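Content type PDB, C-alpha atoms and all ligand atoms, from the file model_32.pdb:
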ATOM      1  CA  MET A   1     244.768 110.869 174.731
ATOM      2  CA  THR A   2     241.986 109.935 177.100
ATOM      3  CA  GLU A   3     238.372 110.236 176.069
ATOM      4  CA  GLN A   4     237.623 113.028 178.453
ATOM      5  CA  ASN A   5     240.632 114.941 177.222
ATOM      6  CA  LEU A   6     239.421 114.984 173.652
ATOM      7  CA  ILE A   7     236.027 116.370 174.662
ATOM      8  CA  GLU A   8     237.642 118.966 176.910
ATOM      9  CA  GLN A   9     240.054 119.870 174.171
ATOM     10  CA  ALA A  10     237.259 120.453 171.655
ATOM     11  CA  GLU A  11     235.299 122.523 174.172
ATOM     12  CA  ASN A  12     238.324 124.585 175.198
ATOM     13  CA  LYS A  13     239.512 125.244 171.706
ATOM     14  CA  GLN A  14     236.197 125.913 169.998
ATOM     15  CA  PRO A  15     233.503 126.389 172.634
ATOM     16  CA  HIS A  16     230.994 128.042 170.283
ATOM     17  CA  LEU A  17     231.425 125.691 167.364
ATOM     18  CA  MET A  18     231.294 122.675 169.649
ATOM     19  CA  LYS A  19     228.020 123.849 171.128
ATOM     20  CA  HIS A  20     226.669 124.644 167.676
ATOM     21  CA  PHE A  21     227.434 121.168 166.327
ATOM     22  CA  ILE A  22     226.045 119.375 169.349
ATOM     23  CA  HIS A  23     222.889 121.403 168.861
ATOM     24  CA  LEU A  24     222.733 120.348 165.200
ATOM     25  CA  VAL A  25     223.041 116.689 166.190
ATOM     26  CA  THR A  26     220.454 116.821 168.950
ATOM     27  CA  THR A  27     217.979 118.616 166.690
ATOM     28  CA  ASN A  28     218.714 116.288 163.783
ATOM     29  CA  ARG A  29     219.928 119.008 161.493
ATOM     30  CA  LEU A  30     223.436 117.858 160.771
ATOM     31  CA  SER A  31     224.246 118.410 157.102
ATOM     32  CA  HIS A  32     225.939 115.708 155.017
ATOM     33  CA  ALA A  33     229.168 117.478 154.030
ATOM     34  CA  TYR A  34     231.264 120.029 155.880
ATOM     35  CA  LEU A  35     234.537 121.722 155.166
ATOM     36  CA  PHE A  36     236.297 122.710 158.388
ATOM     37  CA  SER A  37     238.811 125.429 157.621
ATOM     38  CA  GLY A  38     241.313 126.869 160.076
ATOM     39  CA  LEU A  39     244.872 127.071 161.336
ATOM     40  CA  PRO A  40     246.725 123.909 162.341
ATOM     41  CA  GLY A  41     245.909 122.876 165.887
ATOM     42  CA  CYS A  42     242.722 124.954 166.111
ATOM     43  CA  GLY A  43     240.548 121.957 167.000
ATOM     44  CA  LYS A  44     239.045 120.885 163.671
ATOM     45  CA  ARG A  45     239.735 117.214 164.193
ATOM     46  CA  ALA A  46     238.694 117.280 167.841
ATOM     47  CA  VAL A  47     235.322 118.848 166.987
ATOM     48  CA  ALA A  48     234.693 116.350 164.164
ATOM     49  CA  GLN A  49     235.599 113.432 166.424
ATOM     50  CA  VAL A  50     233.390 114.634 169.246
ATOM     51  CA  VAL A  51     230.490 114.988 166.803
ATOM     52  CA  ALA A  52     231.148 111.388 165.723
ATOM     53  CA  MET A  53     231.244 110.322 169.383
ATOM     54  CA  ARG A  54     227.963 112.080 169.985
ATOM     55  CA  LEU A  55     226.343 110.260 167.051
ATOM     56  CA  PHE A  56     227.292 106.887 168.540
ATOM     57  CA  CYS A  57     227.361 107.569 172.287
ATOM     58  CA  GLU A  58     225.089 105.343 174.344
ATOM     59  CA  ASN A  59     224.760 107.810 177.185
ATOM     60  CA  PRO A  60     224.903 111.457 176.138
ATOM     61  CA  ASN A  61     225.084 113.960 178.980
ATOM     62  CA  ALA A  62     222.211 116.271 179.837
ATOM     63  CA  ASP A  63     224.001 119.095 177.981
ATOM     64  CA  GLY A  64     224.073 116.982 174.831
ATOM     65  CA  MET A  65     227.770 116.160 174.918
ATOM     66  CA  PRO A  66     228.935 112.563 174.463
ATOM     67  CA  CYS A  67     229.614 110.842 177.781
ATOM     68  CA  GLY A  68     233.214 109.967 176.969
ATOM     69  CA  HIS A  69     233.001 106.760 178.998
ATOM     70  CA  CYS A  70     230.758 104.295 177.178
ATOM     71  CA  PRO A  71     232.188 101.566 174.921
ATOM     72  CA  GLU A  72     231.123 103.451 171.772
ATOM     73  CA  CYS A  73     232.925 106.640 172.795
ATOM     74  CA  GLY A  74     235.977 104.543 173.630
ATOM     75  CA  ARG A  75     235.980 102.728 170.296
ATOM     76  CA  ILE A  76     235.884 105.934 168.292
ATOM     77  CA  LEU A  77     238.898 107.248 170.159
ATOM     78  CA  ALA A  78     240.750 104.023 169.680
ATOM     79  CA  GLY A  79     239.987 104.274 165.942
ATOM     80  CA  ASP A  80     238.109 101.046 166.374
ATOM     81  CA  ASN A  81     234.656 101.861 165.034
ATOM     82  CA  PRO A  82     234.276 100.682 161.419
ATOM     83  CA  ASP A  83     231.594 103.324 160.841
ATOM     84  CA  VAL A  84     233.959 106.190 161.608
ATOM     85  CA  VAL A  85     236.414 106.418 158.738
ATOM     86  CA  THR A  86     239.379 108.691 159.373
ATOM     87  CA  VAL A  87     241.985 109.468 156.740
ATOM     88  CA  GLU A  88     245.004 111.745 156.924
ATOM     89  CA  PRO A  89     247.681 112.450 154.312
ATOM     90  CA  ASP A  90     250.206 109.661 153.985
ATOM     91  CA  GLY A  91     253.284 111.859 153.644
ATOM     92  CA  GLN A  92     252.734 114.922 151.502
ATOM     93  CA  ARG A  93     249.304 114.020 150.248
ATOM     94  CA  ILE A  94     246.291 111.736 150.425
ATOM     95  CA  LYS A  95     247.272 108.842 148.182
ATOM     96  CA  VAL A  96     245.239 107.133 145.465
ATOM     97  CA  ASP A  97     244.672 103.978 147.512
ATOM     98  CA  GLN A  98     243.422 106.096 150.418
ATOM     99  CA  VAL A  99     240.890 107.727 148.110
ATOM    100  CA  ARG A 100     239.839 104.291 146.900
ATOM    101  CA  TYR A 101     239.364 103.238 150.514
ATOM    102  CA  ILE A 102     237.171 106.282 151.214
ATOM    103  CA  LYS A 103     235.037 105.553 148.132
ATOM    104  CA  ASP A 104     234.683 101.875 149.041
ATOM    105  CA  GLU A 105     233.638 102.763 152.540
ATOM    106  CA  PHE A 106     231.227 105.373 151.265
ATOM    107  CA  SER A 107     229.399 102.853 149.151
ATOM    108  CA  LYS A 108     229.064 100.386 152.047
ATOM    109  CA  SER A 109     226.208 100.596 154.514
ATOM    110  CA  PRO A 110     226.965 101.326 158.135
ATOM    111  CA  VAL A 111     228.249  98.141 159.765
ATOM    112  CA  GLU A 112     226.551  98.453 163.128
ATOM    113  CA  GLY A 113     225.005 101.812 163.822
ATOM    114  CA  SER A 114     222.803 103.823 161.565
ATOM    115  CA  THR A 115     225.370 106.388 160.471
ATOM    116  CA  LYS A 116     228.754 106.471 158.816
ATOM    117  CA  VAL A 117     231.123 109.341 159.523
ATOM    118  CA  PHE A 118     234.088 110.338 157.361
ATOM    119  CA  ILE A 119     236.831 112.567 158.696
ATOM    120  CA  ILE A 120     239.359 113.529 156.031
ATOM    121  CA  GLU A 121     242.305 115.568 157.244
ATOM    122  CA  GLY A 122     244.501 117.609 154.926
ATOM    123  CA  ALA A 123     241.725 117.707 152.336
ATOM    124  CA  GLU A 124     243.690 120.309 150.356
ATOM    125  CA  THR A 125     246.218 117.587 149.512
ATOM    126  CA  LEU A 126     243.680 115.595 147.479
ATOM    127  CA  THR A 127     244.661 115.608 143.813
ATOM    128  CA  THR A 128     242.166 117.187 141.426
ATOM    129  CA  ASN A 129     241.216 113.720 140.214
ATOM    130  CA  ALA A 130     240.741 112.411 143.710
ATOM    131  CA  ALA A 131     238.715 115.432 144.758
ATOM    132  CA  ASN A 132     236.554 115.101 141.663
ATOM    133  CA  GLY A 133     236.101 111.436 142.461
ATOM    134  CA  LEU A 134     234.756 112.328 145.882
ATOM    135  CA  LEU A 135     232.474 114.971 144.457
ATOM    136  CA  LYS A 136     229.701 112.645 143.530
ATOM    137  CA  PHE A 137     229.454 111.466 147.123
ATOM    138  CA  ILE A 138     229.329 115.010 148.356
ATOM    139  CA  GLU A 139     226.984 116.122 145.624
ATOM    140  CA  GLU A 140     224.255 113.582 146.139
ATOM    141  CA  PRO A 141     223.605 113.264 149.831
ATOM    142  CA  VAL A 142     223.409 109.614 150.816
ATOM    143  CA  ALA A 143     221.259 108.912 153.828
ATOM    144  CA  ASN A 144     223.191 108.540 157.068
ATOM    145  CA  ARG A 145     226.565 109.654 155.716
ATOM    146  CA  VAL A 146     228.363 112.630 157.160
ATOM    147  CA  ILE A 147     231.638 113.791 155.703
ATOM    148  CA  PHE A 148     234.017 116.242 157.365
ATOM    149  CA  LEU A 149     236.769 117.592 155.137
ATOM    150  CA  LEU A 150     239.443 119.320 157.208
ATOM    151  CA  THR A 151     241.807 121.875 155.716
ATOM    152  CA  THR A 152     244.388 124.402 156.808
ATOM    153  CA  ASN A 153     244.421 125.924 153.347
ATOM    154  CA  LYS A 154     241.005 126.527 151.912
ATOM    155  CA  SER A 155     242.405 128.416 148.934
ATOM    156  CA  MET A 156     243.855 125.136 147.644
ATOM    157  CA  MET A 157     240.479 123.416 147.601
ATOM    158  CA  LEU A 158     238.609 122.921 144.334
ATOM    159  CA  ALA A 159     235.795 125.401 143.760
ATOM    160  CA  THR A 160     233.467 122.479 143.125
ATOM    161  CA  ILE A 161     234.178 121.109 146.607
ATOM    162  CA  LEU A 162     233.782 124.524 148.211
ATOM    163  CA  SER A 163     230.426 125.056 146.555
ATOM    164  CA  ARG A 164     229.046 121.694 147.649
ATOM    165  CA  THR A 165     230.076 121.661 151.286
ATOM    166  CA  GLN A 166     229.054 123.763 154.214
ATOM    167  CA  ILE A 167     232.142 125.770 154.998
ATOM    168  CA  VAL A 168     232.869 126.275 158.674
ATOM    169  CA  GLU A 169     235.614 128.772 159.467
ATOM    170  CA  PHE A 170     237.390 127.867 162.688
ATOM    171  CA  PRO A 171     238.516 131.024 164.468
ATOM    172  CA  PRO A 172     242.087 131.187 165.808
ATOM    173  CA  LEU A 173     242.453 129.909 169.353
ATOM    174  CA  SER A 174     242.221 132.235 172.315
ATOM    175  CA  SER A 175     245.672 132.718 173.845
ATOM    176  CA  LYS A 176     244.634 130.583 176.819
ATOM    177  CA  ALA A 177     243.541 127.704 174.577
ATOM    178  CA  PHE A 178     246.654 128.164 172.456
ATOM    179  CA  ALA A 179     248.873 127.967 175.546
ATOM    180  CA  GLU A 180     247.150 124.660 176.397
ATOM    181  CA  THR A 181     247.800 123.376 172.883
ATOM    182  CA  LEU A 182     251.479 124.284 173.189
ATOM    183  CA  ARG A 183     251.629 122.368 176.486
ATOM    184  CA  GLU A 184     250.051 119.350 174.803
ATOM    185  CA  HIS A 185     252.953 119.513 172.361
ATOM    186  CA  GLN A 186     255.510 119.533 175.173
ATOM    187  CA  ILE A 187     256.681 123.057 174.478
ATOM    188  CA  SER A 188     258.766 124.547 177.278
ATOM    189  CA  GLU A 189     256.916 126.730 179.798
ATOM    190  CA  ASN A 190     259.627 129.381 179.293
ATOM    191  CA  GLN A 191     258.583 129.899 175.713
ATOM    192  CA  ILE A 192     254.811 129.692 175.999
ATOM    193  CA  PRO A 193     254.058 133.323 176.988
ATOM    194  CA  LEU A 194     256.252 134.642 174.163
ATOM    195  CA  LEU A 195     254.735 132.254 171.611
ATOM    196  CA  THR A 196     251.181 133.112 172.601
ATOM    197  CA  GLY A 197     252.095 136.787 172.249
ATOM    198  CA  LEU A 198     253.456 136.215 168.760
ATOM    199  CA  THR A 199     251.036 133.818 167.100
ATOM    200  CA  ASN A 200     248.118 131.459 167.524
ATOM    201  CA  SER A 201     249.157 129.008 164.874
ATOM    202  CA  LEU A 202     250.815 125.803 165.993
ATOM    203  CA  ASP A 203     252.602 125.607 162.645
ATOM    204  CA  VAL A 204     254.110 129.058 163.025
ATOM    205  CA  ALA A 205     255.088 128.258 166.622
ATOM    206  CA  GLN A 206     256.872 125.121 165.506
ATOM    207  CA  GLN A 207     258.655 126.960 162.703
ATOM    208  CA  LEU A 208     259.857 129.594 165.162
ATOM    209  CA  MET A 209     261.290 126.916 167.408
ATOM    210  CA  THR A 210     263.248 125.262 164.597
ATOM    211  CA  ASP A 211     266.994 125.240 165.336
ATOM    212  CA  ASP A 212     266.335 126.997 168.657
ATOM    213  CA  TRP A 213     265.616 130.224 166.807
ATOM    214  CA  LEU A 214     263.044 131.396 169.344
ATOM    215  CA  ALA A 215     265.241 130.646 172.362
ATOM    216  CA  ASN A 216     268.121 132.509 170.717
ATOM    217  CA  CYS A 217     265.858 135.426 169.897
ATOM    218  CA  GLN A 218     264.607 135.553 173.483
ATOM    219  CA  HIS A 219     268.198 135.461 174.706
ATOM    220  CA  GLU A 220     269.506 138.199 172.392
ATOM    221  CA  LEU A 221     266.528 140.474 173.012
ATOM    222  CA  SER A 222     267.046 140.031 176.738
ATOM    223  CA  ARG A 223     270.687 141.024 176.340
ATOM    224  CA  TRP A 224     269.713 144.049 174.238
ATOM    225  CA  PHE A 225     267.040 145.173 176.680
ATOM    226  CA  GLY A 226     269.256 144.513 179.710
ATOM    227  CA  GLN A 227     271.922 146.771 178.187
ATOM    228  CA  LEU A 228     269.352 149.486 177.448
ATOM    229  CA  ALA A 229     268.142 149.324 181.040
ATOM    230  CA  LYS A 230     271.710 150.110 182.120
ATOM    231  CA  HIS A 231     271.956 152.830 179.500
ATOM    232  CA  ASP A 232     274.814 150.887 177.991
ATOM    233  CA  ASP A 233     275.783 151.821 174.413
ATOM    234  CA  MET A 234     276.667 148.172 173.838
ATOM    235  CA  ALA A 235     272.996 147.705 173.011
ATOM    236  CA  PHE A 236     273.849 149.241 169.639
ATOM    237  CA  VAL A 237     276.518 146.589 169.074
ATOM    238  CA  THR A 238     274.116 143.829 170.140
ATOM    239  CA  VAL A 239     271.898 144.778 167.205
ATOM    240  CA  GLN A 240     274.700 143.775 164.837
ATOM    241  CA  THR A 241     276.197 140.871 166.728
ATOM    242  CA  GLY A 242     273.114 139.361 168.349
ATOM    243  CA  LEU A 243     269.963 140.339 166.498
ATOM    244  CA  MET A 244     271.104 140.589 162.886
ATOM    245  CA  PRO A 245     272.185 136.918 162.629
ATOM    246  CA  LEU A 246     268.601 136.012 163.615
ATOM    247  CA  ALA A 247     267.016 138.370 161.092
ATOM    248  CA  HIS A 248     267.715 136.217 158.066
ATOM    249  CA  ASP A 249     264.425 136.737 156.268
ATOM    250  CA  ARG A 250     261.354 138.958 156.234
ATOM    251  CA  ASP A 251     259.259 136.601 158.366
ATOM    252  CA  HIS A 252     261.863 136.369 161.106
ATOM    253  CA  GLN A 253     262.502 140.103 160.958
ATOM    254  CA  ALA A 254     258.800 140.738 161.534
ATOM    255  CA  VAL A 255     258.792 138.360 164.502
ATOM    256  CA  ILE A 256     261.768 140.146 166.074
ATOM    257  CA  LEU A 257     259.860 143.425 165.833
ATOM    258  CA  ASP A 258     256.716 141.800 167.271
ATOM    259  CA  ALA A 259     258.769 140.487 170.180
ATOM    260  CA  ILE A 260     260.213 143.962 170.776
ATOM    261  CA  VAL A 261     256.667 145.341 170.844
ATOM    262  CA  LEU A 262     255.769 142.748 173.504
ATOM    263  CA  LEU A 263     258.890 143.611 175.467
ATOM    264  CA  TRP A 264     257.893 147.274 175.724
ATOM    265  CA  GLN A 265     254.232 146.486 176.306
ATOM    266  CA  TYR A 266     255.222 144.407 179.327
ATOM    267  CA  THR A 267     257.471 147.205 180.538
ATOM    268  CA  LEU A 268     254.604 149.643 180.255
ATOM    269  CA  GLN A 269     252.373 147.241 182.183
ATOM    270  CA  ILE A 270     254.902 147.233 185.005
ATOM    271  CA  LYS A 271     254.904 151.027 184.967
ATOM    272  CA  TYR A 272     251.134 150.931 185.365
ATOM    273  CA  HIS A 273     251.462 148.270 188.052
ATOM    274  CA  ALA A 274     249.547 145.761 186.014
ATOM    275  CA  ASP A 275     250.103 142.100 186.647
ATOM    276  CA  ALA A 276     253.076 141.168 184.517
ATOM    277  CA  ALA A 277     253.340 137.612 185.772
ATOM    278  CA  GLN A 278     252.721 136.315 182.268
ATOM    279  CA  SER A 279     255.796 138.072 180.930
ATOM    280  CA  ALA A 280     257.280 136.539 177.825
ATOM    281  CA  PHE A 281     260.699 137.477 179.149
ATOM    282  CA  PRO A 282     260.783 136.125 182.711
ATOM    283  CA  GLU A 283     264.509 136.746 183.093
ATOM    284  CA  LEU A 284     263.940 140.429 182.402
ATOM    285  CA  GLN A 285     261.767 141.283 185.384
ATOM    286  CA  ALA A 286     264.645 143.088 187.110
ATOM    287  CA  ALA A 287     265.708 144.952 183.970
ATOM    288  CA  MET A 288     262.121 145.992 183.274
ATOM    289  CA  THR A 289     261.735 147.267 186.799
ATOM    290  CA  ALA A 290     264.987 149.226 186.408
ATOM    291  CA  MET A 291     263.741 150.604 183.095
ATOM    292  CA  VAL A 292     260.463 151.887 184.495
ATOM    293  CA  GLN A 293     262.374 153.757 187.165
ATOM    294  CA  LEU A 294     264.482 155.464 184.528
ATOM    295  CA  LEU A 295     261.605 156.588 182.347
ATOM    296  CA  THR A 296     258.462 158.593 182.817
ATOM    297  CA  ARG A 297     255.159 157.270 181.548
ATOM    298  CA  SER A 298     255.165 159.654 178.617
ATOM    299  CA  GLN A 299     258.701 158.646 177.682
ATOM    300  CA  LEU A 300     257.685 155.006 177.816
ATOM    301  CA  LEU A 301     254.656 155.686 175.675
ATOM    302  CA  ALA A 302     256.822 157.575 173.181
ATOM    303  CA  ILE A 303     259.194 154.596 173.001
ATOM    304  CA  LEU A 304     256.312 152.183 172.505
ATOM    305  CA  THR A 305     255.018 154.365 169.686
ATOM    306  CA  ALA A 306     258.461 154.349 168.073
ATOM    307  CA  VAL A 307     258.591 150.567 168.497
ATOM    308  CA  LEU A 308     255.199 150.152 166.824
ATOM    309  CA  GLU A 309     256.366 152.330 163.950
ATOM    310  CA  THR A 310     259.206 149.928 163.205
ATOM    311  CA  LYS A 311     256.579 147.533 161.846
ATOM    312  CA  LYS A 312     255.490 150.127 159.311
ATOM    313  CA  ALA A 313     259.105 150.789 158.381
ATOM    314  CA  LEU A 314     259.665 147.089 157.731
ATOM    315  CA  ALA A 315     256.506 146.884 155.648
ATOM    316  CA  GLY A 316     257.822 149.887 153.724
ATOM    317  CA  ASN A 317     260.909 147.836 152.836
ATOM    318  CA  MET A 318     263.316 149.647 155.097
ATOM    319  CA  ASN A 319     266.427 147.677 156.002
ATOM    320  CA  ILE A 320     266.038 145.804 159.286
ATOM    321  CA  GLN A 321     269.476 146.708 160.581
ATOM    322  CA  SER A 322     268.857 150.418 160.214
ATOM    323  CA  ILE A 323     265.390 150.021 161.755
ATOM    324  CA  LEU A 324     266.853 148.345 164.848
ATOM    325  CA  GLU A 325     269.826 150.711 165.080
ATOM    326  CA  THR A 326     267.633 153.790 164.758
ATOM    327  CA  LEU A 327     265.325 152.444 167.439
ATOM    328  CA  THR A 328     268.235 151.658 169.781
ATOM    329  CA  LEU A 329     269.704 155.164 169.405
ATOM    330  CA  ARG A 330     266.275 156.681 169.880
ATOM    331  CA  ILE A 331     265.743 154.795 173.158
ATOM    332  CA  LEU A 332     269.235 155.612 174.440
ATOM    333  CA  GLY A 333     268.631 159.257 173.532
ATOM    334  CA  ASP A 334     265.259 159.363 175.298
ATOM    335  CA  MET A 335     266.809 157.950 178.431
ATOM    336  CA  LYS A 336     269.582 160.561 178.388
ATOM    337  CA  GLN A 337     267.084 163.423 178.377
ATOM    338  CA  ASP A 338     265.678 162.059 181.559
ATOM    339  CA  ALA A 339     269.062 161.749 183.310
TER     340      ALA A 339
HETATM  341 ZN    ZN B 401     229.463 107.713 175.302
END
Using the file provided, produce a representation of the structure as structure tokens.
Amino acid sequence: MTEQNLIEQAENKQPHLMKHFIHLVTTNRLSHAYLFSGLPGCGKRAVAQVVAMRLFCENPNADGMPCGHCPECGRILAGDNPDVVTVEPDGQRIKVDQVRYIKDEFSKSPVEGSTKVFIIEGAETLTTNAANGLLKFIEEPVANRVIFLLTTNKSMMLATILSRTQIVEFPPLSSKAFAETLREHQISENQIPLLTGLTNSLDVAQQLMTDDWLANCQHELSRWFGQLAKHDDMAFVTVQTGLMPLAHDRDHQAVILDAIVLLWQYTLQIKYHADAAQSAFPELQAAMTAMVQLLTRSQLLAILTAVLETKKALAGNMNIQSILETLTLRILGDMKQDA
């Protein structure tokens, strides 16, 4: 990653928090211990690194941001500044020798600059002992030490840590910033609009893509919708043969229903001549156009309402197959009335 990219990434993902932290640095009000809490990929590490860059940068910009070009900025990105200590879990957790390393570094004075920055990712994976060991550093502020604990699961953090750090909740990414994050992770353009419609967690996105589940879901829903648009009863069969094999647990069932909601929302947008260029189902443009010609606005709205109600039915423990079959028959029936 280039230097400029990291700064842009932090600003795109968390514009308000980035501004807030730069303000704290420029006004000398940075606290000594923070807990950054938020979904994976929401920019916690980028913000912490840019703050570190700002603390060392030789040439900050007029807006207070680090320049991204000077040797100090470059060294932090290369992981080459001994006063910026970054630790991430080695495997499942932060290991004992990593904790020892953090403690050793904490007790040493800054090597060159005046400040030492600690960025500890996956802080929830610290053992109780390790976390307690770090407590005394967090508890008694040492001059010129700033520690950033990063977590995706605040509920797993010790209460003693929570009470001694400033907790900063990172909001989920905007769908635009999330789409950028997915691109950074080389996720196919075909899947980005659907993923951004379904989630803003990188973890969830990656789980949905496991074993091509998302691509298969997109494909089967397209088949189902394409059949509906032709008023073909086979759509009912597709529920059993295409959708049910994908609905293997509650989480995936909920995602299928969310995707169906998106499908009908896009259709409604076409009916209202809204820009549907961002459709999560690009191969369905023709079928959606056919569908809007078959249905009146009020019929479409009634279908969308029925689709939204499937979520309640699932939450009420109704069987997914009957939810999808009922919905399919309902849509086919609505279309018949119109014909
Ligand atoms: Zn710089």
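Atom CA of Leu17 of chain A to atom CA of Gly41 of chain A spans 14.8 Å [interatomic distance, one decimal].
Protein, DNA and RNA residues at most 7 Å from (250.8, 126.3, 158.6), with all atoms listed in the file, are these: Leu39, Pro40, Thr152, Asp203 and Val204 of chain A.
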For the selection you just gave me, I'd like the residues written to a file as a PDB file, in the frame of the given file, keeping C-alpha atoms.
ATOM      1  CA  LEU A  39     244.872 127.071 161.336  1.00  0.00           C
ATOM      2  CA  PRO A  40     246.725 123.909 162.341  1.00  0.00           C
ATOM      3  CA  THR A 152     244.388 124.402 156.808  1.00  0.00           C
ATOM      4  CA  ASP A 203     252.602 125.607 162.645  1.00  0.00           C
ATOM      5  CA  VAL A 204     254.110 129.058 163.025  1.00  0.00           C
TER       6      VAL A 204
END
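Note that the spacing between atom CA of Gly242 of chain A and atom CA of His219 of chain A amounts to 8.9 Å.
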Chain and number of each residue from the PyMOL selection byres (((chain A and resi 295-306) around 10) and not hetatm), as a PyMOL selection string: chain A and resi 229+260-265+267-268+271-272+290-294+307-311+326-327+330-331+334-339
Would you kindly translate the PyMOL selection byres (((not hetatm)) within 12 of (chain B and resi 401)) into the concrete residues it picks from this file, as a list of chain:residue names? A:Glu3, A:Gln4, A:Ile7, A:Val50, A:Val51, A:Ala52, A:Met53, A:Arg54, A:Leu55, A:Phe56, A:Cys57, A:Glu58, A:Asn59, A:Pro60, A:Asn61, A:Gly64, A:Met65, A:Pro66, A:Cys67, A:Gly68, A:His69, A:Cys70, A:Pro71, A:Glu72, A:Cys73, A:Gly74, A:Arg75, A:Ile76, A:Leu77
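Of note, atom CA of Ile147 of chain A and atom CA of Asp63 of chain A are spaced 24.1 Å apart.
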